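Source file: structure_36.pdb. Holds: PDB, C-alpha atoms, pLDDT in the B column.
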ATOM      1  CA  MET K   1      -6.553 -13.906   6.258  1.00 97.00           C
ATOM      2  CA  LYS K   2      -4.845 -10.810   7.646  1.00 98.00           C
ATOM      3  CA  ILE K   3      -5.349  -7.358   6.162  1.00 99.00           C
ATOM      4  CA  CYS K   4      -3.661  -4.120   7.226  1.00 99.00           C
ATOM      5  CA  VAL K   5      -5.907  -1.083   6.722  1.00 99.00           C
ATOM      6  CA  ILE K   6      -4.438   2.418   6.681  1.00 99.00           C
ATOM      7  CA  HIS K   7      -7.142   5.072   6.890  1.00 99.00           C
ATOM      8  CA  GLY K   8      -5.934   8.306   5.332  1.00 98.00           C
ATOM      9  CA  SER K   9      -8.098  10.576   7.451  1.00 96.00           C
ATOM     10  CA  PRO K  10      -9.448  10.735  11.014  1.00 94.00           C
ATOM     11  CA  ARG K  11     -12.690  12.141   9.602  1.00 92.00           C
ATOM     12  CA  LYS K  12     -15.008   9.206   9.234  1.00 94.00           C
ATOM     13  CA  GLY K  13     -16.598  10.439   6.041  1.00 95.00           C
ATOM     14  CA  ASN K  14     -17.243   8.956   2.616  1.00 97.00           C
ATOM     15  CA  THR K  15     -13.891   7.202   2.205  1.00 98.00           C
ATOM     16  CA  TYR K  16     -14.219   5.624   5.639  1.00 98.00           C
ATOM     17  CA  LYS K  17     -17.805   4.574   4.871  1.00 98.00           C
ATOM     18  CA  ALA K  18     -16.744   2.933   1.599  1.00 98.00           C
ATOM     19  CA  THR K  19     -13.884   1.159   3.352  1.00 99.00           C
ATOM     20  CA  LYS K  20     -16.135  -0.149   6.110  1.00 98.00           C
ATOM     21  CA  ILE K  21     -18.616  -1.494   3.564  1.00 98.00           C
ATOM     22  CA  MET K  22     -15.780  -3.384   1.903  1.00 99.00           C
ATOM     23  CA  MET K  23     -14.430  -4.690   5.214  1.00 99.00           C
ATOM     24  CA  ALA K  24     -17.851  -5.882   6.365  1.00 98.00           C
ATOM     25  CA  HIS K  25     -18.489  -7.655   3.064  1.00 98.00           C
ATOM     26  CA  MET K  26     -15.126  -9.407   3.227  1.00 98.00           C
ATOM     27  CA  GLU K  27     -15.819 -10.574   6.766  1.00 97.00           C
ATOM     28  CA  GLY K  28     -18.932 -12.238   5.403  1.00 96.00           C
ATOM     29  CA  MET K  29     -16.817 -14.246   2.960  1.00 95.00           C
ATOM     30  CA  GLY K  30     -14.669 -15.907   5.602  1.00 90.00           C
ATOM     31  CA  GLU K  31     -12.414 -15.324   8.575  1.00 93.00           C
ATOM     32  CA  VAL K  32     -10.625 -12.001   8.158  1.00 96.00           C
ATOM     33  CA  GLU K  33      -8.462 -10.213  10.710  1.00 98.00           C
ATOM     34  CA  PHE K  34      -8.029  -6.468  10.217  1.00 98.00           C
ATOM     35  CA  SER K  35      -5.346  -4.281  11.786  1.00 98.00           C
ATOM     36  CA  GLU K  36      -6.257  -0.610  11.412  1.00 98.00           C
ATOM     37  CA  PHE K  37      -4.233   2.592  11.516  1.00 99.00           C
ATOM     38  CA  PHE K  38      -5.619   6.106  11.331  1.00 98.00           C
ATOM     39  CA  LEU K  39      -3.643   8.994   9.893  1.00 98.00           C
ATOM     40  CA  PRO K  40      -2.284  11.399  10.940  1.00 98.00           C
ATOM     41  CA  LYS K  41      -2.285   9.836  14.432  1.00 98.00           C
ATOM     42  CA  ALA K  42      -0.263   6.843  13.216  1.00 98.00           C
ATOM     43  CA  MET K  43       2.244   9.155  11.495  1.00 98.00           C
ATOM     44  CA  PRO K  44       2.063  12.716  12.863  1.00 98.00           C
ATOM     45  CA  VAL K  45       5.437  13.990  11.584  1.00 98.00           C
ATOM     46  CA  PHE K  46       6.879  14.799   8.168  1.00 98.00           C
ATOM     47  CA  CYS K  47       9.873  12.979   6.710  1.00 98.00           C
ATOM     48  CA  CYS K  48      12.807  15.322   7.343  1.00 97.00           C
ATOM     49  CA  GLY K  49      15.000  14.004   4.535  1.00 97.00           C
ATOM     50  CA  CYS K  50      17.814  12.940   6.860  1.00 97.00           C
ATOM     51  CA  TYR K  51      18.695   9.863   4.720  1.00 97.00           C
ATOM     52  CA  ASN K  52      19.130   7.732   7.845  1.00 97.00           C
ATOM     53  CA  CYS K  53      16.838   5.043   6.429  1.00 96.00           C
ATOM     54  CA  PHE K  54      18.936   4.823   3.261  1.00 96.00           C
ATOM     55  CA  ASP K  55      22.398   5.166   4.795  1.00 94.00           C
ATOM     56  CA  LYS K  56      22.078   3.595   8.257  1.00 93.00           C
ATOM     57  CA  GLY K  57      18.925   1.482   8.225  1.00 93.00           C
ATOM     58  CA  GLU K  58      15.224   2.110   8.719  1.00 95.00           C
ATOM     59  CA  GLU K  59      15.524   1.508  12.458  1.00 95.00           C
ATOM     60  CA  MET K  60      17.605   4.711  12.611  1.00 96.00           C
ATOM     61  CA  CYS K  61      14.757   6.859  11.280  1.00 98.00           C
ATOM     62  CA  PRO K  62      14.068   9.622  13.834  1.00 98.00           C
ATOM     63  CA  HIS K  63      10.398   8.675  13.518  1.00 98.00           C
ATOM     64  CA  ALA K  64      10.904   4.917  13.907  1.00 98.00           C
ATOM     65  CA  GLN K  65       8.404   4.857  16.769  1.00 98.00           C
ATOM     66  CA  TYR K  66       5.758   5.532  14.107  1.00 98.00           C
ATOM     67  CA  THR K  67       7.199   3.881  11.002  1.00 98.00           C
ATOM     68  CA  GLN K  68       8.038   0.526  12.555  1.00 98.00           C
ATOM     69  CA  PRO K  69       4.573  -0.456  13.898  1.00 98.00           C
ATOM     70  CA  VAL K  70       2.968   0.263  10.521  1.00 98.00           C
ATOM     71  CA  GLU K  71       5.740  -1.537   8.637  1.00 98.00           C
ATOM     72  CA  GLN K  72       5.477  -4.595  10.872  1.00 98.00           C
ATOM     73  CA  ALA K  73       1.693  -4.712  10.444  1.00 98.00           C
ATOM     74  CA  ILE K  74       2.046  -4.541   6.661  1.00 98.00           C
ATOM     75  CA  LYS K  75       4.726  -7.226   6.734  1.00 97.00           C
ATOM     76  CA  ALA K  76       2.537  -9.563   8.809  1.00 98.00           C
ATOM     77  CA  ALA K  77      -0.537  -9.070   6.612  1.00 98.00           C
ATOM     78  CA  ASP K  78      -1.603 -10.912   3.483  1.00 98.00           C
ATOM     79  CA  ALA K  79      -2.919  -7.697   1.974  1.00 99.00           C
ATOM     80  CA  VAL K  80      -2.932  -3.963   2.580  1.00 99.00           C
ATOM     81  CA  ILE K  81      -5.659  -1.369   2.057  1.00 99.00           C
ATOM     82  CA  ILE K  82      -4.639   2.290   1.847  1.00 99.00           C
ATOM     83  CA  THR K  83      -7.350   4.927   1.669  1.00 99.00           C
ATOM     84  CA  SER K  84      -7.361   8.645   1.000  1.00 98.00           C
ATOM     85  CA  PRO K  85     -10.020  11.272   0.474  1.00 97.00           C
ATOM     86  CA  VAL K  86      -9.263  13.683  -2.354  1.00 97.00           C
ATOM     87  CA  TYR K  87      -7.770  16.993  -1.227  1.00 96.00           C
ATOM     88  CA  VAL K  88      -7.367  19.581  -4.013  1.00 95.00           C
ATOM     89  CA  LEU K  89      -7.262  16.921  -6.749  1.00 94.00           C
ATOM     90  CA  ALA K  90      -4.660  14.703  -5.038  1.00 95.00           C
ATOM     91  CA  GLU K  91      -4.060  12.363  -2.116  1.00 97.00           C
ATOM     92  CA  ASN K  92      -4.226  14.077   1.245  1.00 97.00           C
ATOM     93  CA  GLY K  93      -1.126  15.221   3.125  1.00 97.00           C
ATOM     94  CA  ALA K  94      -1.391  12.560   5.829  1.00 98.00           C
ATOM     95  CA  VAL K  95      -1.061   9.741   3.295  1.00 98.00           C
ATOM     96  CA  LYS K  96       1.772  11.510   1.488  1.00 98.00           C
ATOM     97  CA  THR K  97       3.570  11.974   4.820  1.00 98.00           C
ATOM     98  CA  LEU K  98       3.312   8.265   5.621  1.00 98.00           C
ATOM     99  CA  LEU K  99       4.485   7.075   2.213  1.00 98.00           C
ATOM    100  CA  ASP K 100       7.426   9.501   2.221  1.00 98.00           C
ATOM    101  CA  HIS K 101       8.875   7.517   5.127  1.00 98.00           C
ATOM    102  CA  TYR K 102       9.034   4.266   3.148  1.00 98.00           C
ATOM    103  CA  GLY K 103      11.209   5.181   0.190  1.00 97.00           C
ATOM    104  CA  TYR K 104      13.824   2.703   1.403  1.00 98.00           C
ATOM    105  CA  MET K 105      11.357  -0.112   0.693  1.00 98.00           C
ATOM    106  CA  PHE K 106      11.388   0.592  -3.044  1.00 98.00           C
ATOM    107  CA  ILE K 107      12.804  -2.140  -5.281  1.00 98.00           C
ATOM    108  CA  PRO K 108      15.916  -0.052  -6.168  1.00 97.00           C
ATOM    109  CA  HIS K 109      16.825   0.044  -2.460  1.00 97.00           C
ATOM    110  CA  ARG K 110      15.809  -2.550   0.155  1.00 97.00           C
ATOM    111  CA  PRO K 111      12.435  -4.069  -0.741  1.00 97.00           C
ATOM    112  CA  MET K 112      10.771  -6.372   1.785  1.00 96.00           C
ATOM    113  CA  GLU K 113      10.565  -9.849   0.299  1.00 95.00           C
ATOM    114  CA  GLU K 114       7.166 -10.247   1.961  1.00 96.00           C
ATOM    115  CA  MET K 115       5.741  -7.519  -0.292  1.00 97.00           C
ATOM    116  CA  PHE K 116       6.160  -9.624  -3.425  1.00 97.00           C
ATOM    117  CA  SER K 117       3.314 -11.933  -2.389  1.00 97.00           C
ATOM    118  CA  LYS K 118       0.890  -9.297  -1.105  1.00 98.00           C
ATOM    119  CA  VAL K 119      -2.239  -7.828  -2.636  1.00 99.00           C
ATOM    120  CA  GLY K 120      -3.044  -4.136  -2.366  1.00 99.00           C
ATOM    121  CA  MET K 121      -6.253  -2.111  -2.484  1.00 99.00           C
ATOM    122  CA  ILE K 122      -6.441   1.662  -2.876  1.00 99.00           C
ATOM    123  CA  ILE K 123      -9.702   3.415  -2.006  1.00 99.00           C
ATOM    124  CA  SER K 124     -10.436   7.074  -2.664  1.00 98.00           C
ATOM    125  CA  THR K 125     -13.604   9.132  -2.738  1.00 98.00           C
ATOM    126  CA  THR K 126     -14.369  12.682  -3.762  1.00 97.00           C
ATOM    127  CA  ALA K 127     -17.337  15.015  -3.833  1.00 94.00           C
ATOM    128  CA  GLY K 128     -16.214  16.288  -7.234  1.00 92.00           C
ATOM    129  CA  ALA K 129     -13.083  15.098  -9.035  1.00 94.00           C
ATOM    130  CA  GLY K 130      -9.554  13.831  -8.493  1.00 95.00           C
ATOM    131  CA  THR K 131      -9.708  10.182  -7.428  1.00 97.00           C
ATOM    132  CA  GLY K 132      -7.519   9.184 -10.369  1.00 97.00           C
ATOM    133  CA  LYS K 133      -4.621  11.387  -9.291  1.00 97.00           C
ATOM    134  CA  ALA K 134      -5.019  10.490  -5.625  1.00 98.00           C
ATOM    135  CA  ILE K 135      -4.967   6.781  -6.425  1.00 98.00           C
ATOM    136  CA  LYS K 136      -2.029   7.104  -8.816  1.00 98.00           C
ATOM    137  CA  ALA K 137       0.208   8.607  -6.120  1.00 96.00           C
ATOM    138  CA  ILE K 138      -0.505   5.729  -3.732  1.00 98.00           C
ATOM    139  CA  TYR K 139      -0.225   3.195  -6.558  1.00 99.00           C
ATOM    140  CA  ASN K 140       3.310   4.389  -7.288  1.00 98.00           C
ATOM    141  CA  SER K 141       4.459   3.398  -3.801  1.00 98.00           C
ATOM    142  CA  LEU K 142       2.739   0.005  -3.810  1.00 99.00           C
ATOM    143  CA  ASN K 143       4.101  -0.626  -7.282  1.00 99.00           C
ATOM    144  CA  PHE K 144       7.692   0.101  -6.274  1.00 98.00           C
ATOM    145  CA  TRP K 145       7.283  -1.886  -3.050  1.00 98.00           C
ATOM    146  CA  GLY K 146       6.756  -4.907  -5.306  1.00 98.00           C
ATOM    147  CA  VAL K 147       3.131  -5.630  -4.360  1.00 98.00           C
ATOM    148  CA  LYS K 148       1.926  -8.535  -6.481  1.00 98.00           C
ATOM    149  CA  ARG K 149      -1.519  -7.212  -7.426  1.00 98.00           C
ATOM    150  CA  ILE K 150      -2.986  -3.751  -6.867  1.00 99.00           C
ATOM    151  CA  PHE K 151      -6.702  -2.972  -6.992  1.00 99.00           C
ATOM    152  CA  LYS K 152      -8.154   0.524  -7.334  1.00 99.00           C
ATOM    153  CA  LEU K 153     -11.512   1.860  -6.186  1.00 99.00           C
ATOM    154  CA  GLY K 154     -12.327   5.488  -6.923  1.00 98.00           C
ATOM    155  CA  LEU K 155     -15.800   6.823  -6.161  1.00 98.00           C
ATOM    156  CA  THR K 156     -17.136  10.228  -7.200  1.00 97.00           C
ATOM    157  CA  ILE K 157     -19.904  10.818  -4.677  1.00 94.00           C
ATOM    158  CA  PHE K 158     -21.081  14.342  -5.551  1.00 94.00           C
ATOM    159  CA  ALA K 159     -22.093  14.734  -1.915  1.00 92.00           C
ATOM    160  CA  LYS K 160     -20.401  15.924   1.260  1.00 92.00           C
ATOM    161  CA  ASP K 161     -21.697  12.988   3.286  1.00 93.00           C
ATOM    162  CA  TRP K 162     -22.753   9.473   2.340  1.00 95.00           C
ATOM    163  CA  GLU K 163     -26.219   9.976   3.808  1.00 94.00           C
ATOM    164  CA  ASP K 164     -26.756  13.020   1.567  1.00 95.00           C
ATOM    165  CA  MET K 165     -27.061  10.678  -1.412  1.00 95.00           C
ATOM    166  CA  LYS K 166     -30.410   9.251  -2.372  1.00 95.00           C
ATOM    167  CA  PRO K 167     -30.961   5.635  -1.238  1.00 96.00           C
ATOM    168  CA  LEU K 168     -30.783   4.296  -4.795  1.00 97.00           C
ATOM    169  CA  LYS K 169     -27.410   5.962  -5.328  1.00 96.00           C
ATOM    170  CA  GLN K 170     -26.134   4.577  -2.025  1.00 96.00           C
ATOM    171  CA  GLN K 171     -27.188   1.101  -3.128  1.00 97.00           C
ATOM    172  CA  LYS K 172     -25.427   1.591  -6.459  1.00 97.00           C
ATOM    173  CA  PHE K 173     -22.131   2.450  -4.762  1.00 98.00           C
ATOM    174  CA  GLU K 174     -22.515  -0.362  -2.240  1.00 98.00           C
ATOM    175  CA  LYS K 175     -22.913  -2.812  -5.111  1.00 98.00           C
ATOM    176  CA  ILE K 176     -19.737  -1.492  -6.756  1.00 98.00           C
ATOM    177  CA  ILE K 177     -17.795  -1.717  -3.491  1.00 99.00           C
ATOM    178  CA  LYS K 178     -18.955  -5.257  -2.737  1.00 98.00           C
ATOM    179  CA  LYS K 179     -18.093  -6.462  -6.226  1.00 98.00           C
ATOM    180  CA  LYS K 180     -14.599  -5.018  -5.860  1.00 99.00           C
ATOM    181  CA  ALA K 181     -14.305  -6.588  -2.396  1.00 98.00           C
ATOM    182  CA  GLU K 182     -15.100 -10.004  -3.867  1.00 98.00           C
ATOM    183  CA  ARG K 183     -12.399  -9.659  -6.519  1.00 98.00           C
ATOM    184  CA  PHE K 184      -9.943  -8.455  -3.882  1.00 99.00           C
ATOM    185  CA  HIS K 185     -10.764 -11.362  -1.564  1.00 98.00           C
ATOM    186  CA  ALA K 186     -10.461 -13.934  -4.364  1.00 98.00           C
ATOM    187  CA  CYS K 187      -7.085 -12.539  -5.371  1.00 98.00           C
ATOM    188  CA  ILE K 188      -5.771 -12.730  -1.804  1.00 98.00           C
ATOM    189  CA  VAL K 189      -6.835 -16.375  -1.579  1.00 97.00           C
ATOM    190  CA  LYS K 190      -4.952 -17.359  -4.746  1.00 97.00           C
ATOM    191  CA  ARG K 191      -2.085 -14.841  -4.452  1.00 96.00           C
ATOM    192  CA  GLU K 192       0.631 -17.493  -4.114  1.00 94.00           C
ATOM    193  CA  LYS K 193      -0.311 -18.974  -7.492  1.00 94.00           C
ATOM    194  CA  LEU K 194      -0.314 -15.660  -9.363  1.00 95.00           C
ATOM    195  CA  HIS K 195       2.522 -14.712 -11.669  1.00 96.00           C
ATOM    196  CA  THR K 196       4.623 -11.715 -10.688  1.00 96.00           C
ATOM    197  CA  ARG K 197       3.835  -8.622 -12.737  1.00 97.00           C
ATOM    198  CA  LEU K 198       6.163  -7.749 -15.610  1.00 97.00           C
ATOM    199  CA  PHE K 199       7.036  -4.362 -14.073  1.00 97.00           C
ATOM    200  CA  THR K 200       8.245  -6.008 -10.867  1.00 97.00           C
ATOM    201  CA  ARG K 201      10.317  -8.604 -12.684  1.00 96.00           C
ATOM    202  CA  PHE K 202      11.847  -5.992 -14.980  1.00 97.00           C
ATOM    203  CA  MET K 203      12.728  -3.643 -12.110  1.00 97.00           C
ATOM    204  CA  PHE K 204      14.199  -6.450 -10.026  1.00 96.00           C
ATOM    205  CA  PHE K 205      16.536  -7.698 -12.735  1.00 94.00           C
ATOM    206  CA  ILE K 206      17.589  -4.183 -13.807  1.00 96.00           C
ATOM    207  CA  ILE K 207      18.388  -3.183 -10.222  1.00 96.00           C
ATOM    208  CA  ARG K 208      20.182  -6.467  -9.550  1.00 95.00           C
ATOM    209  CA  LYS K 209      22.450  -5.790 -12.495  1.00 93.00           C
ATOM    210  CA  SER K 210      23.155  -2.188 -11.467  1.00 95.00           C
ATOM    211  CA  LEU K 211      23.776  -3.032  -7.791  1.00 93.00           C
ATOM    212  CA  SER K 212      26.563  -5.395  -8.773  1.00 87.00           C
ATOM    213  CA  SER K 213      28.634  -2.348  -9.692  1.00 90.00           C
ATOM    214  CA  TYR K 214      28.076  -0.580  -6.346  1.00 93.00           C
ATOM    215  CA  LYS K 215      30.947  -0.302  -3.891  1.00 92.00           C
ATOM    216  CA  ASP K 216      31.185  -3.045  -1.275  1.00 92.00           C
ATOM    217  CA  GLY K 217      29.555  -1.952   1.950  1.00 91.00           C
ATOM    218  CA  HIS K 218      26.851   0.111   0.254  1.00 93.00           C
ATOM    219  CA  PRO K 219      23.674  -0.438   2.358  1.00 93.00           C
ATOM    220  CA  ASP K 220      21.544  -1.480  -0.611  1.00 95.00           C
ATOM    221  CA  LYS K 221      24.169  -3.831  -2.044  1.00 96.00           C
ATOM    222  CA  LYS K 222      24.807  -5.320   1.378  1.00 95.00           C
ATOM    223  CA  TYR K 223      21.081  -5.956   1.837  1.00 96.00           C
ATOM    224  CA  TRP K 224      20.716  -7.666  -1.545  1.00 96.00           C
ATOM    225  CA  LEU K 225      23.791  -9.801  -0.841  1.00 95.00           C
ATOM    226  CA  GLN K 226      22.370 -10.881   2.515  1.00 94.00           C
ATOM    227  CA  LYS K 227      19.131 -11.864   0.788  1.00 95.00           C
ATOM    228  CA  GLY K 228      21.079 -13.797  -1.830  1.00 94.00           C
ATOM    229  CA  TRP K 229      19.493 -11.800  -4.642  1.00 95.00           C
ATOM    230  CA  LEU K 230      22.763 -10.836  -6.335  1.00 92.00           C
ATOM    231  CA  ASN K 231      23.842 -14.447  -6.725  1.00 82.00           C
ATOM    232  CA  GLY K 232      22.572 -16.714  -9.490  1.00 72.00           C
ATOM    233  CA  ARG K 233      18.815 -17.071  -9.841  1.00 79.00           C
ATOM    234  CA  ASN K 234      17.787 -16.193  -6.290  1.00 88.00           C
ATOM    235  CA  ARG K 235      14.855 -13.798  -6.177  1.00 92.00           C
ATOM    236  CA  PRO K 236      12.036 -12.886  -3.767  1.00 93.00           C
ATOM    237  CA  PHE K 237       9.256 -14.189  -6.017  1.00 92.00           C
ATOM    238  CA  GLN K 238       8.511 -17.656  -7.347  1.00 81.00           C
ATOM    239  CA  HIS K 239       6.621 -17.101 -10.590  1.00 73.00           C
TER
END
Any chance you could put this one into structure tokens?
Amino acid sequence: MKICVIHGSPRKGNTYKATKIMMAHMEGMGEVEFSEFFLPKAMPVFCCGCYNCFDKGEEMCPHAQYTQPVEQAIKAADAVIITSPVYVLAENGAVKTLLDHYGYMFIPHRPMEEMFSKVGMIISTTAGAGTGKAIKAIYNSLNFWGVKRIFKLGLTIFAKDWEDMKPLKQQKFEKIIKKKAERFHACIVKREKLHTRLFTRFMFFIIRKSLSSYKDGHPDKKYWLQKGWLNGRNRPFQH
């Protein structure tokens, strides 16, 4: 089992601690190989809105040296974990910066067929409030990438550091994390047998119909034609 982990912050605080608890618990359930990226080191530059990824191909992104390694790791994995601490009631800027670079992977453009069989996990912690909004922003990207199942884990710690919590509270959160890890692991194991979500199916068929009217040579239409998705019943998911 291969899992790509994208840490939203270089500060190894509460979100990192929660993620490591989950990773360790999953390793205890079987052979798991993790590939880890830390933001902003893995993506230190903002999307400049040049449209190269849409018009010329993602390899023409001026930041391809950063986008491609992460994309390839996600593509090779069975599942992806994206984490973010809460900054002013939202996801942090490093995560937003990374996700901005992958708009071309949305279903209306050039989705990776590998995404339709993957499982996602979003982890966010806060000392006060805001995990819901932080998770929602990340969920939107995974959703439009076509990820088959998406799990959410939001923890309101009410403490600056994990160790500031009383032992009983730490144990409570560890129990929650491990339970979520078990559900995540089980879903990855049986992912091929799961039905594709209604949203994904709906978006795929709506976009397929609209792309048929695009001019020949349009990058998105060309991509879908090459995949065989505009012809007959071909599609990137089985169920």
When you count all atoms listed in the file, which of these residues is closest to Pro40 of chain K: K:Gln68, K:Asn14, K:Thr125, K:Ser84?
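The closest residue to Pro40 of chain K is K:Ser84.
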So that each row is one residue of segment 23-135 of chain K with an atom at most 10 Å from segment 224-227 of chain K, can you give its shortest atom pair and the distance in Å to one decimal, using all atoms listed in the file, rows by chain and rising number, as a Markdown table?
| residue | atom | partner | partner_atom | distance |
| --- | --- | --- | --- | --- |
| K:His109 | CA | K:Trp224 | CA | 8.7 |
| K:Arg110 | CA | K:Trp224 | CA | 7.3 |
| K:Pro111 | CA | K:Trp224 | CA | 9.1 |
| K:Glu113 | CA | K:Lys227 | CA | 8.8 |
Any chance you could resolve the PyMOL selection byres ((chain K and resi 149-162) around 8) against this file and give the residues as a PyMOL selection string?
chain K and resi 13-14+17+118-129+131-132+135+139+142-143+147-148+163-165+170+173+177+180+184+187+197
Which residue out of K:Met22, K:Arg191, K:Arg208, K:Glu36 has the minimum interatomic distance to Gly232 of chain K when only C-alpha atoms are used?
K:Arg208
Expected selection from the PyMOL selection byres ((chain K and resi 88) around 10), given as an MDAnalysis selection string
chainID K and resid 85:87 89:92 126 128:130 134
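Relative to atom CA of Glu33 of chain K, atom CA of Cys4 of chain K is found at 8.5 Å.
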All residues 9 Å or closer to Phe37 of chain K, only C-alpha atoms, same chain fewer than 6 positions away omitted, as a PyMOL selection string:
chain K and resi 4-8+70
Atomic distance atom CA of Pro219 of chain K - atom CA of Asp55 of chain K, expressed in Å with one decimal
6.2 Å
Quick one: residues within 12 Å of Phe34 of chain K, only C-alpha atoms, excluding same-chain residues fewer than 4 positions away - as a PyMOL selection string?
chain K and resi 1-6+19-20+22-24+26-27+73-74+76-81
Selection result of the PyMOL selection byres ((chain K and resi 58-67) around 9) on this file, as a ChimeraX atom specification:
/K:42-48,50-57,68-72,98,101-102,104
